[in-house]
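Undergrad: The file below is structure33.txt, compact mmCIF, C-alpha atoms:
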```txt
# COMPACT_ATOMS: atom_id res chain seq x y z
CA MET A 11 209.61 89.75 114.50
CA PRO A 12 209.43 86.22 113.03
CA SER A 13 212.60 84.67 111.66
CA LYS A 14 212.75 84.62 107.88
CA ARG A 15 215.28 81.82 107.90
CA HIS A 16 213.65 79.61 110.55
CA PRO A 17 209.97 80.52 110.75
CA LEU A 18 207.91 78.79 113.41
CA PRO A 19 206.59 75.54 111.94
CA GLN A 20 202.83 75.66 111.50
CA PHE A 21 202.25 72.71 113.83
CA LEU A 22 203.90 74.70 116.65
CA THR A 23 201.60 77.71 116.31
CA GLY A 24 199.83 78.18 119.62
CA ARG A 25 202.19 75.74 121.38
CA VAL A 26 205.39 77.78 121.59
CA SER A 27 206.37 81.27 120.54
CA GLN A 28 208.77 82.11 117.74
CA LEU A 29 211.18 83.44 120.36
CA VAL A 30 211.15 80.20 122.39
CA TYR A 31 211.62 78.15 119.21
CA GLU A 32 214.54 80.27 117.98
CA ARG A 33 216.22 80.16 121.39
CA TRP A 34 215.83 76.35 121.53
CA LEU A 35 217.10 75.99 117.96
CA SER A 36 220.16 78.14 118.67
CA ARG A 37 220.98 76.37 121.93
CA LYS A 38 220.64 72.88 120.43
CA ALA A 39 222.76 73.80 117.41
CA ALA A 40 225.45 75.30 119.67
CA ALA A 41 225.51 72.23 121.93
CA HIS A 42 225.83 69.82 118.99
CA LEU A 43 228.44 72.02 117.32
CA LYS A 44 230.58 72.13 120.47
CA ARG A 45 230.36 68.36 120.92
CA ASP A 46 231.06 67.61 117.27
CA GLN A 47 234.03 69.96 117.09
CA LYS A 48 235.51 68.05 120.05
CA ARG A 49 234.97 64.87 118.01
CA GLY A 50 237.08 66.40 115.25
CA TYR A 51 234.29 67.23 112.82
CA GLU A 52 235.31 69.84 110.28
CA ASP A 53 233.23 72.06 108.02
CA VAL A 54 230.41 72.33 110.56
CA SER A 55 228.96 75.60 111.80
CA GLY A 56 226.20 76.89 113.99
CA SER A 57 224.40 78.18 110.92
CA LEU A 58 224.58 74.78 109.20
CA TYR A 59 223.32 73.01 112.32
CA ARG A 60 220.48 75.50 112.86
CA ASP A 61 219.38 74.93 109.26
CA GLN A 62 219.63 71.14 109.54
CA ILE A 63 217.81 71.02 112.87
CA HIS A 64 215.07 73.32 111.58
CA ASP A 65 214.67 71.06 108.53
CA ALA A 66 214.43 68.04 110.85
CA VAL A 67 211.75 69.81 112.92
CA LEU A 68 209.74 70.53 109.76
CA ALA A 69 210.11 66.93 108.59
CA SER A 70 209.00 65.60 112.00
CA GLU A 71 205.62 67.32 111.81
CA GLY A 72 205.86 67.31 115.62
CA LEU A 73 206.31 63.56 115.99
CA ASP A 74 209.12 61.35 117.32
CA TYR A 75 210.96 60.03 114.26
CA TYR A 76 211.41 56.56 115.75
CA THR A 77 208.15 55.95 117.64
CA GLY A 78 205.64 58.21 115.89
CA GLU A 79 204.55 59.64 119.26
CA GLU A 80 203.41 63.24 119.43
CA LEU A 81 206.12 65.25 121.13
CA ASP A 82 205.34 67.78 123.86
CA TRP A 83 206.73 70.97 122.36
CA SER A 84 205.42 73.00 125.31
CA LEU A 85 208.33 71.50 127.30
CA LEU A 86 210.97 73.40 125.27
CA SER A 87 213.34 75.22 127.63
CA LYS A 88 211.38 74.12 130.72
CA TYR A 89 213.84 71.55 132.13
CA ASN A 90 215.39 72.76 135.38
CA ASN A 91 218.53 71.11 136.75
CA GLU A 92 217.75 72.05 140.37
CA ASP A 93 214.23 70.61 140.15
CA SER A 94 215.68 67.53 138.49
CA ALA A 95 218.16 66.98 141.33
CA ALA A 96 215.33 67.21 143.83
CA GLY A 97 212.87 65.10 141.85
CA LYS A 98 215.37 62.61 140.45
CA HIS A 99 213.85 59.96 138.12
CA THR A 100 210.29 61.16 138.61
CA TYR A 101 211.12 64.65 137.40
CA LYS A 102 213.02 63.48 134.31
CA ALA A 103 210.26 60.98 133.43
CA GLY A 104 207.94 63.96 132.96
CA PHE A 105 210.18 65.06 130.09
CA ALA A 106 210.06 61.77 128.14
CA LEU A 107 208.39 63.49 125.17
CA LEU A 108 210.55 66.61 125.27
CA PRO A 109 211.74 67.12 121.69
CA THR A 110 215.46 66.47 121.31
CA ILE A 111 217.95 66.33 118.49
CA ASP A 112 219.41 63.01 117.37
CA HIS A 113 222.31 62.65 114.96
CA ILE A 114 221.14 60.18 112.35
CA GLU A 115 224.52 58.50 112.74
CA SER A 116 226.70 60.10 115.40
CA ALA A 117 229.91 58.51 114.17
CA ARG A 118 229.54 60.01 110.71
CA MET A 119 230.11 63.69 110.01
CA ASN A 120 227.17 65.62 108.51
CA SER A 121 224.77 62.70 108.80
CA GLY A 122 221.95 65.11 109.55
CA PHE A 123 219.43 65.07 112.37
CA HIS A 124 216.14 63.55 113.43
CA ILE A 125 213.76 64.87 116.07
CA CYS A 126 212.73 62.45 118.78
CA GLY A 127 211.66 62.40 122.40
CA TRP A 128 214.23 62.55 125.15
CA ARG A 129 213.35 59.01 126.27
CA THR A 130 213.93 57.69 122.73
CA ASN A 131 217.18 59.62 122.39
CA ASP A 132 218.43 58.21 125.70
CA ALA A 133 217.65 54.69 124.52
CA LYS A 134 219.23 55.14 121.07
CA HIS A 135 222.25 57.09 122.33
CA ASP A 136 225.10 56.66 119.83
CA LEU A 137 223.65 53.64 118.02
CA THR A 138 223.09 53.75 114.29
CA HIS A 139 219.49 53.44 113.15
CA HIS A 140 220.05 49.77 112.28
CA GLU A 141 221.71 49.02 115.63
CA PHE A 142 218.83 50.72 117.46
CA ILE A 143 216.26 48.65 115.54
CA GLN A 144 218.19 45.48 116.41
CA LEU A 145 218.25 46.47 120.09
CA CYS A 146 214.51 47.12 120.06
CA LYS A 147 213.95 43.75 118.42
CA LEU A 148 215.94 42.01 121.17
CA VAL A 149 213.94 43.81 123.86
CA LEU A 150 210.66 42.77 122.26
CA GLN A 151 211.80 39.17 121.87
CA LYS A 152 212.98 39.03 125.48
CA ALA A 153 209.52 40.27 126.51
CA GLY A 154 208.03 37.29 124.72
CA LEU A 155 206.75 39.13 121.66
CA ASN A 156 207.14 37.66 118.19
CA VAL A 157 209.01 39.97 115.83
CA THR A 158 208.57 38.83 112.26
CA SER A 159 209.91 41.58 110.00
CA GLU A 160 213.55 42.34 109.39
CA ALA A 161 214.84 45.90 109.39
```
Please, can you express the file's structure as structure tokens?

TA:
Amino acid sequence: MPSKRHPLPQFLTGRVSQLVYERWLSRKAAAHLKRDQKRGYEDVSGSLYRDQIHDAVLASEGLDYYTGEELDWSLLSKYNNEDSAAGKHTYKAGFALLPTIDHIESARMNSGFHICGWRTNDAKHDLTHHEFIQLCKLVLQKAGLNVTSEA
């Protein structure tokens, strides 16, 4: 039976089932809740995080917030730690577009979430949006590209 509170986003129809989506949503909310409670965040709950993550998924329309790339939603709940240990970097590289949850600003409580690919999330880590843009600008400049706009 479909969730009334977190129905499968239309862009995921035919890509993942409602059950897979709900399981992913619950697991991601629980993981972020556990981490944030250790950071001393108060007034956070699994229900709040599930709602916020679901809203971020809807807002994403299936795309990485930072790069605009189409995420591979078929990879939800497919990562296997044993296969990763055997395949090392090659295995993980295959999950670059796995949808992940990014705190908009990890140092600020209740900053909300964005959806992005695992590769993007690894690169951004705990940086604010502005700090991440500045890092990307430095990378582009070091590569010899001319960056003209300011973020």

Undergrad: What lies within 7 Å of stretch 25-30 of chain A using all atoms listed in the file, ignoring chain neighbours under 3 positions off, as a list in words?

TA: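 Non-adjacent residues within range: Pro12, Leu18, Leu22, Arg33, Trp34, Trp83 and Ser84 of chain A.
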
Undergrad: Skipping near chain neighbours, those fewer than 2 positions away, what residues fall within 7 Å of stretch 60-75 of chain A using all atoms listed in the file, listed as a PyMOL selection string?

TA: chain A and resi 16+19+21+35-36+39+56-58+77-81+122-127

Undergrad: Give as a PyMOL selection string the set of residues within 12 Å of the point (215.5, 55.8, 128.1), where distances use the file's coordinates and only C-alpha atoms.

TA: chain A and resi 99+102-103+105-107+126-135+146

Undergrad: Record the distance separating atom CA of A:Ile111 and atom CA of A:Ala41, expressed in Å with one decimal.

TA: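 Computing it gives 10.2 Å between the two atoms.
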
Undergrad: Please write out, as AutoDock Vina command-line options, where the centre of an axis-aligned box around all listed atoms of stretch 80-85 of chain A lies and how long its edges are, in Å to one decimal, after adding 5 Å on each side.

TA:
```
--center_x 205.9 --center_y 68.1 --center_z 123.4 --size_x 14.9 --size_y 19.8 --size_z 17.9
```

Undergrad: What does the structure give for the distance between atom CA of A:Ser94 and atom CA of A:Lys44, in Å to one decimal?

TA: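 Atom-to-atom, atom CA of A:Ser94 and atom CA of A:Lys44 are spaced 23.8 Å apart.
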
Undergrad: For A:Ser55, which residue among A:Leu85, A:Leu43, A:Leu145, A:Leu155 is the nearest when counting all atoms listed in the file?

TA: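 Checking each of A:Leu85, A:Leu43, A:Leu145, A:Leu155 against A:Ser55, counting all atoms listed in the file, the winner is A:Leu43.
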
Undergrad: Give the answer as one residue: which of A:His140, A:Tyr59, A:Leu108, A:Glu32 has the shortest atom-to-atom distance to A:Ser121, using only C-alpha atoms?

TA: A:Tyr59

Undergrad: For atom CA of A:Ser87 and atom CA of A:Ile114, quote the distance in Å rounded to one decimal.

TA: 22.8 Å
